[in-house]
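**Student:** Submitted below is the structure of interest, expressed as structure tokens.
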Protein chains: 2
Amino acid sequence: MQEVKLYDTTLRDGAQGEGISYSVTDKIRIAQELDKLGIHYIESGWPGSNPKDMEFYLKMARVRLKNSRLVAFGSTRRPHIKASADSNLKAFLKCQAKFVTIFGKTWDLHVKDVLKTTLDENLDMIQDTISFLASRGLTVFYDAEHFFDAYNANREYGLKCLLAAIEAGAKAVVLCDTNGGTLTSGITKVVQEIRPQINVWLGIHCHNDADLAVANTIAAVQAGADIVQGTINGYGERCGNADLIPIIANLKLKLGTNCISDEKLKELTKVSHFVSEVSNMKQRNDQPYAGESAFAHKAGVHINAVMKNPKTYEHIEPALVGNRRRILVSELSGKTAVLIRAKALELDLEKDDPKTKKILKLIQNLEHQGYHFEAAEASFQLLMQRALRKYSRFFELEGFRVVVEKRSEKKITSEAIIKIKVKGTKEHTAAEGDGPVNALDNALRKALADFYPTLSKMHLSDFKVRVLDEKAGTASRVRVLIQSQDEKDTWSTIGVSENIIEASWQALVDSVEYKLLKDKVFKATNE
Amino acid sequence: MQEVKLYDTTLRDGAQGEGISYSVTDKIRIAQELDKLGIHYIESGWPGSNPKDMEFYLKMARVRLKNSRLVAFGSTRRPHIKASADSNLKAFLKCQAKFVTIFGKTWDLHVKDVLKTTLDENLDMIQDTISFLASRGLTVFYDAEHFFDAYNANREYGLKCLLAAIEAGAKAVVLCDTNGGTLTSGITKVVQEIRPQINVWLGIHCHNDADLAVANTIAAVQAGADIVQGTINGYGERCGNADLIPIIANLKLKLGTNCISDEKLKELTKVSHFVSEVSNMKQRNDQPYAGESAFAHKAGVHINAVMKNPKTYEHIEPALVGNRRRILVSELSGKTAVLIRAKALELDLEKDDPKTKKILKLIQNLEHQGYHFEAAEASFQLLMQRALRKYSRFFELEGFRVVVEKRSEKKITSEAIIKIKVKGTKEHTAAEGDGPVNALDNALRKALADFYPTLSKMHLSDFKVRVLDEKAGTASRVRVLIQSQDEKDTWSTIGVSENIIEASWQALVDSVEYKLLKDKVFKATNE
């Protein structure tokens with residue numbers, strides 16, 4: 001069975017997509033998720049060019065990954081200096097990465113027009129850079145930028161660049177279709193020609209400018225490539241990189257290569273949605289394998305046939321990639337999915353229990369409204385526990401009012417007035433804030449402070465807002481995701497409403513209740 | 001030069017995409033646009049199954065198309081009846097179409113499990129149906145549904161179905177990868193085998209379930225297919241059909257086939273956006289060739305190189321398909337990017353002009369605060385024009401107040417009160433909304449309606465919120481991006497503040513001002 005290594009560059013090349021901007025925390029969360037999925041290599045940034053990326057690597061040096069190797073990215077040394085004098089290369093040593101990918105020029109046009117140096121100096125740059133890093137114990141991959149254009153323009157020189165990298169100790173050379181304009185037949189031809197001339201791992205890195213990135217990647221593997229580079233959901237510069245989601249599914253289910261386990265493959269849809277959520281990018285409904293519509297049947301002819309035999313209009317079983325069939329006229333249920341989740345939370349729930357049916361219905365209703373529990377496990381846990389009456393609420397809302405006011409060019413002000421009932425006592429208080437949600441957050445904490453002092457130990461660490469039905473403009477429903485943390489844990493909660501204040505309120509309440517419930521369980525266990 | 005016929009099925013197969021529903025008028029508008037583009041065949045509906053489609057064909061019988069042939073779609077006759085007794089077939093005669101595409105089964109699994117008839121009867125159904133229509137003077141194409149699955153399951157029977165269609169008088173047989181699960185190498189192999197056995201036109205129809213539809217279509221043409229079926233923007237059931245936009249560009253620019261003229265090719269981006277507008281689907285920014293980001297450069301390395309020679313990071317010249325290069329103004333780009341943008345807006349700005357320095361400083365300040373102009377070009381344009389005092393504002397804000405109120409479990413309410421000065425008149429009004437921003441939006445439009453009636457022609461099509469400094473939780477700064485559109489254009493505006501209402505207000509005001517400025521310039525140019 002052909003062995004293929006998965007190499008993800010969402011955090012580096014993906015971050016160059018228009019509209020994407022990751023914080024260090026975003027990067028750490030995504031890296032951990034990719035590790036869980038079983039991605040072999042995670043290219044995460046450019047420590048020499050960017051202090052944020054350096055911070056990420058230094059933080060990650062203390063995080064244990066189970067399956068993945070973290071790879072730092074950077075360029076060959078600058079022309080006419082020593083490798084040891086190049087600050088970008090020194091950054092690799094500082095950032096503590098064990099694996100490094102160096103990209104360099106292979107297209108003579110770039111050497112002349114962009115680097116403005118000689119072809120020989122470029123070869124030296126490749127060789128020096130890789131030798132320098134390899135001699136310090138790093139494993140080095142070489143990204144041959146624009147390889148396919150290079151090979152068409154000057155075959156001999158393109159090959160020389162690869163051989164220089166290998167001679168200098170590169171563990172892999174990666175053929176990049178950087179401009180994304182090569183046809184599939186062209187990829188096949190070049191990889192077939194290069195493969196026998198190379199005695200190290202051969203990688204492929206495609207861009208989607210001609211809408212061929214996934215096909216080109218698959219074709220390269222069929223022609224002998226060992227490593228596939230891509231990004232989750234195909235994020236990246238211009239039209240994006242090759243989308244690892246369909247690539248992984250195709251490699252596994254269509255080509256039968258050994259790349260991830262059957263178990264991990266079932267996480268594919270979840271990971272795709274997780275990354276789009278953290279990236280604050282809309283998930284494409286029609287995304288192959290992972291999209292909401294990927295197995296949705298609309299035409300009557302199709303629905304009838306699928307009811308008789310799903311193979312008639314489904315190329316694979318949706319569950320293999322963790323997705324589900326949807327019949328657009330009447331939604332089907334996902335009872336098993338709920339039971340699996342309940343089990344993970346150690347909640348007793350049997351298939352025939354009437355409570356199971358009740359929870360299932362509740363979830364379906366909420367998901368239909370736009371709740372998305374994959375990204376809000378704490379809210380999901382509370383929902384289950386409320387349905388099973390596993391705890392009573394910590395306070396009751398009687399009402400709130402939020403007022404935001406602006407007078408011509410003066411600073412805008414926000415104030416929240418809140419009335420709640422806690423342990424039989426009524427609290428009526430008010431607070432200001434930097435915005436309406438912050439004012440509400442402040443007022444709620446103020447009202448609860450005397451009753452639940454541990455709340456002072458938690459804070460909200462992330463606040464995300466996503467518009468669901470974007471076509472409705474400012475009247476569309478919004479989904480608010482709040483991440484909270486205390487000294488020990490991080491948890492995520494959700495709210496959905498046409499009103500952003502209402503959605504935020506739901507997520508705020510869940511966040512506070514989760515904290516209080518957690519402390520109560522902890523206290524009980526330790527008493 | 002290889003000749004390829006373009007066959008569009010946006011109005012039939014595309015309409016099966018989730019979320020798409022065309023009125024008769026929508027269909028007529030799209031058909032006329034496809035005709036202008038030079039599409040050879042337009043498959044537009046199923047007159048026998050749908051009165052709306054019948055109405056469309058009858059209306060179109062009076063519309064003169066310059067380049068395109070209208071094709072009606074339908075199935076083979078039902079089992080065990082005469083073709084002349086089948087109401088679907090009679091509908092073809094009634095609808096006055098001259099070209100008809102008949103789809104039929106070729107996969108034995110479908111014949112047995114779905115039709116529940118014999119393999120021989122299915123062959124008769126194909127033959128009878130095509131003979132019946134051909135004998136009445138119609139040109140008939142045969143869509144061999146699931147051909148690739150069929151061929152793998154029962155090669156001999158698959159081929160028999162094609163030959164039956166040809167014998168009965170089909171002008172073309174179309175190989176369909178209906179479930180979209182075939183790899184590119186599989187398409188190539190099968191088309192190469194079929195091509196020499198067929199003496200009529202050979203067509204290809206791919207779906208995108210494995211993210212390979214465009215590559216598979218191109219591979220089929222390379223293996224000898226004469227007709228390509230697809231939909232504009234790849235709309236269609238599940239993951240959609242093959243996207244004709246990149247297919248046309250690839251056929252023309254990469255394969256050099258004769259399919260449309262150079263002049264028409266320049267309309268490609270416009271047609272793509274027109275169809276997404278009429279379909280009420282969001283245009284994918286990263287769509288190959290036609291997307292807003294398709295030729296957008298973000299990384300500093302790329303921008304510098306593209307300035308030296310666009311070929312370094314562009315696989316084709318954007319103007320060839322009617323798109324344009326965009327230099328994204330972001331933290332990754334510098335002074336050059338600003339000057340390039342100024343030039344594109346036809347604003348006089350020289351490198352040494354003190355105004356340049358002033359604008360640069362302003363941009364840097366705003367970006368430091370979290371503005372992100374790469375995603376808000378309209379705000380960027382207004383910013384430049386304000387700095388250069390190119391226009392005076394359309395109204396002045398005296399103040400607003402937004403009140404959001406919730407009483408225990410009752411529905412939350414939002415109200416906005418606004419006071420502005422327009423053309424010397426004070427307007428003081430109020431409106432409710434689905435949330436605070438919607439209320440504010442409604443109140444602003446209400447206040448401006450009498451003064452600027454064209455505002456009723458614009459609407460907000462997307463509303464995005466991003467939290468910038470996540471560590472600050474609900475007190476963090478938020479960035480609001482609003483996308484607006486009218487009959488002609490789409491534009492994006494931005495606001496940043498710790499207060500989401502303030503941030504939304506900024507973006508709303510820019511959106512309205514951009515619209516008014518645009519209309520004013522348009523009016524001035526046309527007077």
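Chain labels follow the order of the structure tokens: the first chain is A, the next B, and so on; residue numbering restarts at 1 in every chain, and ligands are counted from 1 in their shown order.
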At a cut-off of 6 Å, which residues of chain B touch chain A? Count only C-alpha atoms and give the answer as JSON, numbers by chain.
**Tutor:** {"B": [114, 179, 181, 209, 210, 211, 212, 215, 238, 239, 286, 287, 288, 293, 294, 295, 296, 305, 313, 314, 315, 397, 398, 399, 400, 401, 402, 403, 404, 405, 406, 407, 408, 434, 435, 438, 460, 461, 462, 463, 464, 465, 467, 470, 471, 473, 474, 475, 498, 499]}
**Student:** Give me every strand (DSSP E or B) residue in range 75-204 of chain A, going by DSSP on the backbone, as number ranges by chain.
**Tutor:** A: 75, 99-105, 139-145, 172-177, 201-204
**Student:** Just write the chosen residues, N, CA and C atoms, as a PDB file, in the first residue's frame.
**Tutor:**
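Output file selection.pdb follows:
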ATOM      1  N   SER A  75      12.948  31.335   3.965  1.00  0.00           N
ATOM      2  CA  SER A  75      13.550  31.419   2.644  1.00  0.00           C
ATOM      3  C   SER A  75      15.024  31.022   2.685  1.00  0.00           C
ATOM      4  N   PHE A  99      12.137  20.691  12.593  1.00  0.00           N
ATOM      5  CA  PHE A  99      11.894  20.525  11.158  1.00  0.00           C
ATOM      6  C   PHE A  99      11.736  21.897  10.515  1.00  0.00           C
ATOM      7  N   VAL A 100      12.375  22.045   9.372  1.00  0.00           N
ATOM      8  CA  VAL A 100      12.361  23.333   8.698  1.00  0.00           C
ATOM      9  C   VAL A 100      12.087  23.124   7.213  1.00  0.00           C
ATOM     10  N   THR A 101      11.223  23.973   6.659  1.00  0.00           N
ATOM     11  CA  THR A 101      11.068  23.979   5.209  1.00  0.00           C
ATOM     12  C   THR A 101      11.644  25.275   4.660  1.00  0.00           C
ATOM     13  N   ILE A 102      12.552  25.120   3.714  1.00  0.00           N
ATOM     14  CA  ILE A 102      13.187  26.268   3.066  1.00  0.00           C
ATOM     15  C   ILE A 102      12.637  26.384   1.653  1.00  0.00           C
ATOM     16  N   PHE A 103      12.111  27.570   1.321  1.00  0.00           N
ATOM     17  CA  PHE A 103      11.703  27.729  -0.077  1.00  0.00           C
ATOM     18  C   PHE A 103      12.757  28.528  -0.823  1.00  0.00           C
ATOM     19  N   GLY A 104      12.932  28.148  -2.077  1.00  0.00           N
ATOM     20  CA  GLY A 104      13.938  28.826  -2.867  1.00  0.00           C
ATOM     21  C   GLY A 104      13.523  28.881  -4.325  1.00  0.00           C
ATOM     22  N   LYS A 105      14.226  29.682  -5.067  1.00  0.00           N
ATOM     23  CA  LYS A 105      13.888  29.882  -6.470  1.00  0.00           C
ATOM     24  C   LYS A 105      14.401  28.711  -7.308  1.00  0.00           C
ATOM     25  N   THR A 139      16.031  18.749  10.467  1.00  0.00           N
ATOM     26  CA  THR A 139      15.584  18.056   9.264  1.00  0.00           C
ATOM     27  C   THR A 139      15.049  19.108   8.308  1.00  0.00           C
ATOM     28  N   VAL A 140      15.559  19.117   7.078  1.00  0.00           N
ATOM     29  CA  VAL A 140      15.202  20.188   6.149  1.00  0.00           C
ATOM     30  C   VAL A 140      14.455  19.652   4.929  1.00  0.00           C
ATOM     31  N   PHE A 141      13.326  20.305   4.636  1.00  0.00           N
ATOM     32  CA  PHE A 141      12.593  20.051   3.390  1.00  0.00           C
ATOM     33  C   PHE A 141      12.872  21.227   2.460  1.00  0.00           C
ATOM     34  N   TYR A 142      12.950  20.951   1.171  1.00  0.00           N
ATOM     35  CA  TYR A 142      13.164  22.052   0.221  1.00  0.00           C
ATOM     36  C   TYR A 142      11.935  22.248  -0.664  1.00  0.00           C
ATOM     37  N   ASP A 143      11.315  23.423  -0.550  1.00  0.00           N
ATOM     38  CA  ASP A 143      10.193  23.796  -1.420  1.00  0.00           C
ATOM     39  C   ASP A 143      10.739  24.443  -2.682  1.00  0.00           C
ATOM     40  N   ALA A 144      10.641  23.748  -3.791  1.00  0.00           N
ATOM     41  CA  ALA A 144      11.125  24.300  -5.062  1.00  0.00           C
ATOM     42  C   ALA A 144      10.012  25.159  -5.661  1.00  0.00           C
ATOM     43  N   GLU A 145      10.057  26.453  -5.330  1.00  0.00           N
ATOM     44  CA  GLU A 145       9.004  27.396  -5.737  1.00  0.00           C
ATOM     45  C   GLU A 145       8.901  27.416  -7.271  1.00  0.00           C
ATOM     46  N   ALA A 172      13.601  16.011   1.833  1.00  0.00           N
ATOM     47  CA  ALA A 172      12.550  15.964   0.821  1.00  0.00           C
ATOM     48  C   ALA A 172      12.683  17.169  -0.089  1.00  0.00           C
ATOM     49  N   VAL A 173      12.326  16.993  -1.341  1.00  0.00           N
ATOM     50  CA  VAL A 173      12.153  18.155  -2.214  1.00  0.00           C
ATOM     51  C   VAL A 173      10.686  18.191  -2.639  1.00  0.00           C
ATOM     52  N   VAL A 174      10.145  19.396  -2.631  1.00  0.00           N
ATOM     53  CA  VAL A 174       8.717  19.574  -2.871  1.00  0.00           C
ATOM     54  C   VAL A 174       8.538  20.385  -4.156  1.00  0.00           C
ATOM     55  N   LEU A 175       7.815  19.819  -5.102  1.00  0.00           N
ATOM     56  CA  LEU A 175       7.579  20.512  -6.369  1.00  0.00           C
ATOM     57  C   LEU A 175       6.360  21.416  -6.205  1.00  0.00           C
ATOM     58  N   CYS A 176       6.555  22.726  -6.373  1.00  0.00           N
ATOM     59  CA  CYS A 176       5.472  23.677  -6.132  1.00  0.00           C
ATOM     60  C   CYS A 176       4.927  24.214  -7.450  1.00  0.00           C
ATOM     61  N   ASP A 177       3.593  24.162  -7.567  1.00  0.00           N
ATOM     62  CA  ASP A 177       2.953  24.885  -8.668  1.00  0.00           C
ATOM     63  C   ASP A 177       2.453  26.195  -8.063  1.00  0.00           C
ATOM     64  N   TRP A 201      12.467  11.891  -0.399  1.00  0.00           N
ATOM     65  CA  TRP A 201      11.012  12.057  -0.525  1.00  0.00           C
ATOM     66  C   TRP A 201      10.697  13.149  -1.538  1.00  0.00           C
ATOM     67  N   LEU A 202       9.606  12.917  -2.282  1.00  0.00           N
ATOM     68  CA  LEU A 202       9.161  13.908  -3.248  1.00  0.00           C
ATOM     69  C   LEU A 202       7.810  14.450  -2.781  1.00  0.00           C
ATOM     70  N   GLY A 203       7.718  15.767  -2.715  1.00  0.00           N
ATOM     71  CA  GLY A 203       6.466  16.385  -2.264  1.00  0.00           C
ATOM     72  C   GLY A 203       5.789  17.158  -3.384  1.00  0.00           C
ATOM     73  N   ILE A 204       4.516  17.462  -3.173  1.00  0.00           N
ATOM     74  CA  ILE A 204       3.757  18.250  -4.158  1.00  0.00           C
ATOM     75  C   ILE A 204       3.013  19.371  -3.424  1.00  0.00           C
TER      76      ILE A 204
END
**Student:** Rounded to one decimal in Å, what is the spacing between CA of Leu11 in chain B and CA of Asp489 in chain B?
**Tutor:** 23.2 Å
**Student:** Quick one: of A:Leu383, A:Val509, A:Cys206, A:Leu320, who's nearest to Phe395 in chain A, counting only C-alpha atoms?
**Tutor:** A:Val509
**Student:** Write out as a PDB file with N, CA, C and O atoms, in the first residue's frame each polymer residue whose atoms come within 12 Å of Arg393 in chain B, counting only C-alpha atoms; drop sequence neighbours fewer than 3 positions from it.
**Tutor:**
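Okay, this is what ended up in result.pdb:
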ATOM      1  N   LEU B 382     -13.088  56.039   0.124  1.00  0.00           N
ATOM      2  CA  LEU B 382     -13.655  57.217   0.798  1.00  0.00           C
ATOM      3  C   LEU B 382     -12.593  57.910   1.639  1.00  0.00           C
ATOM      4  O   LEU B 382     -12.494  59.136   1.665  1.00  0.00           O
ATOM      5  N   LEU B 383     -11.806  57.101   2.324  1.00  0.00           N
ATOM      6  CA  LEU B 383     -10.740  57.645   3.158  1.00  0.00           C
ATOM      7  C   LEU B 383      -9.780  58.496   2.337  1.00  0.00           C
ATOM      8  O   LEU B 383      -9.425  59.616   2.720  1.00  0.00           O
ATOM      9  N   GLN B 385     -10.392  59.866  -0.597  1.00  0.00           N
ATOM     10  CA  GLN B 385     -11.079  61.033  -1.160  1.00  0.00           C
ATOM     11  C   GLN B 385     -11.356  62.096  -0.095  1.00  0.00           C
ATOM     12  O   GLN B 385     -11.277  63.284  -0.371  1.00  0.00           O
ATOM     13  N   ARG B 386     -11.629  61.641   1.130  1.00  0.00           N
ATOM     14  CA  ARG B 386     -11.821  62.618   2.215  1.00  0.00           C
ATOM     15  C   ARG B 386     -10.507  63.343   2.503  1.00  0.00           C
ATOM     16  O   ARG B 386     -10.476  64.551   2.683  1.00  0.00           O
ATOM     17  N   ARG B 389      -9.929  65.829   0.166  1.00  0.00           N
ATOM     18  CA  ARG B 389     -11.075  66.763   0.104  1.00  0.00           C
ATOM     19  C   ARG B 389     -11.755  66.719  -1.257  1.00  0.00           C
ATOM     20  O   ARG B 389     -12.038  67.754  -1.864  1.00  0.00           O
ATOM     21  N   LYS B 390     -12.046  65.503  -1.733  1.00  0.00           N
ATOM     22  CA  LYS B 390     -12.644  65.347  -3.050  1.00  0.00           C
ATOM     23  C   LYS B 390     -14.174  65.391  -2.999  1.00  0.00           C
ATOM     24  O   LYS B 390     -14.826  65.370  -4.022  1.00  0.00           O
ATOM     25  N   GLU B 396     -24.953  65.019   8.322  1.00  0.00           N
ATOM     26  CA  GLU B 396     -24.178  65.090   9.567  1.00  0.00           C
ATOM     27  C   GLU B 396     -24.959  64.447  10.696  1.00  0.00           C
ATOM     28  O   GLU B 396     -26.162  64.698  10.846  1.00  0.00           O
ATOM     29  N   LEU B 397     -24.277  63.685  11.517  1.00  0.00           N
ATOM     30  CA  LEU B 397     -24.944  63.072  12.670  1.00  0.00           C
ATOM     31  C   LEU B 397     -24.967  64.046  13.838  1.00  0.00           C
ATOM     32  O   LEU B 397     -23.941  64.623  14.193  1.00  0.00           O
ATOM     33  N   LYS B 421     -28.567  65.951  10.282  1.00  0.00           N
ATOM     34  CA  LYS B 421     -28.809  67.162   9.499  1.00  0.00           C
ATOM     35  C   LYS B 421     -28.498  66.828   8.039  1.00  0.00           C
ATOM     36  O   LYS B 421     -27.399  66.375   7.720  1.00  0.00           O
ATOM     37  N   VAL B 422     -29.509  66.991   7.172  1.00  0.00           N
ATOM     38  CA  VAL B 422     -29.321  66.704   5.742  1.00  0.00           C
ATOM     39  C   VAL B 422     -29.704  67.938   4.935  1.00  0.00           C
ATOM     40  O   VAL B 422     -30.821  68.442   5.085  1.00  0.00           O
ATOM     41  N   LYS B 423     -28.815  68.384   4.097  1.00  0.00           N
ATOM     42  CA  LYS B 423     -29.091  69.539   3.232  1.00  0.00           C
ATOM     43  C   LYS B 423     -29.766  70.672   4.003  1.00  0.00           C
ATOM     44  O   LYS B 423     -30.798  71.218   3.566  1.00  0.00           O
ATOM     45  N   VAL B 509     -22.356  54.055   7.607  1.00  0.00           N
ATOM     46  CA  VAL B 509     -22.229  55.395   7.038  1.00  0.00           C
ATOM     47  C   VAL B 509     -21.383  55.338   5.763  1.00  0.00           C
ATOM     48  O   VAL B 509     -21.754  55.907   4.737  1.00  0.00           O
ATOM     49  N   ASP B 510     -20.275  54.614   5.814  1.00  0.00           N
ATOM     50  CA  ASP B 510     -19.438  54.490   4.614  1.00  0.00           C
ATOM     51  C   ASP B 510     -20.209  53.833   3.477  1.00  0.00           C
ATOM     52  O   ASP B 510     -20.095  54.242   2.320  1.00  0.00           O
ATOM     53  N   VAL B 512     -23.412  53.875   2.863  1.00  0.00           N
ATOM     54  CA  VAL B 512     -24.372  54.819   2.300  1.00  0.00           C
ATOM     55  C   VAL B 512     -23.647  55.918   1.515  1.00  0.00           C
ATOM     56  O   VAL B 512     -24.040  56.272   0.401  1.00  0.00           O
ATOM     57  N   GLU B 513     -22.557  56.440   2.078  1.00  0.00           N
ATOM     58  CA  GLU B 513     -21.843  57.525   1.392  1.00  0.00           C
ATOM     59  C   GLU B 513     -21.232  57.042   0.076  1.00  0.00           C
ATOM     60  O   GLU B 513     -21.200  57.772  -0.904  1.00  0.00           O
ATOM     61  N   TYR B 514     -20.738  55.820   0.097  1.00  0.00           N
ATOM     62  CA  TYR B 514     -20.147  55.288  -1.126  1.00  0.00           C
ATOM     63  C   TYR B 514     -21.202  55.214  -2.225  1.00  0.00           C
ATOM     64  O   TYR B 514     -20.968  55.595  -3.367  1.00  0.00           O
ATOM     65  N   LEU B 516     -23.975  56.967  -2.478  1.00  0.00           N
ATOM     66  CA  LEU B 516     -24.394  58.300  -2.921  1.00  0.00           C
ATOM     67  C   LEU B 516     -23.330  58.946  -3.811  1.00  0.00           C
ATOM     68  O   LEU B 516     -23.635  59.577  -4.808  1.00  0.00           O
ATOM     69  N   LEU B 517     -22.075  58.741  -3.433  1.00  0.00           N
ATOM     70  CA  LEU B 517     -20.976  59.311  -4.206  1.00  0.00           C
ATOM     71  C   LEU B 517     -20.924  58.689  -5.601  1.00  0.00           C
ATOM     72  O   LEU B 517     -20.746  59.374  -6.604  1.00  0.00           O
TER      73      LEU B 517
END
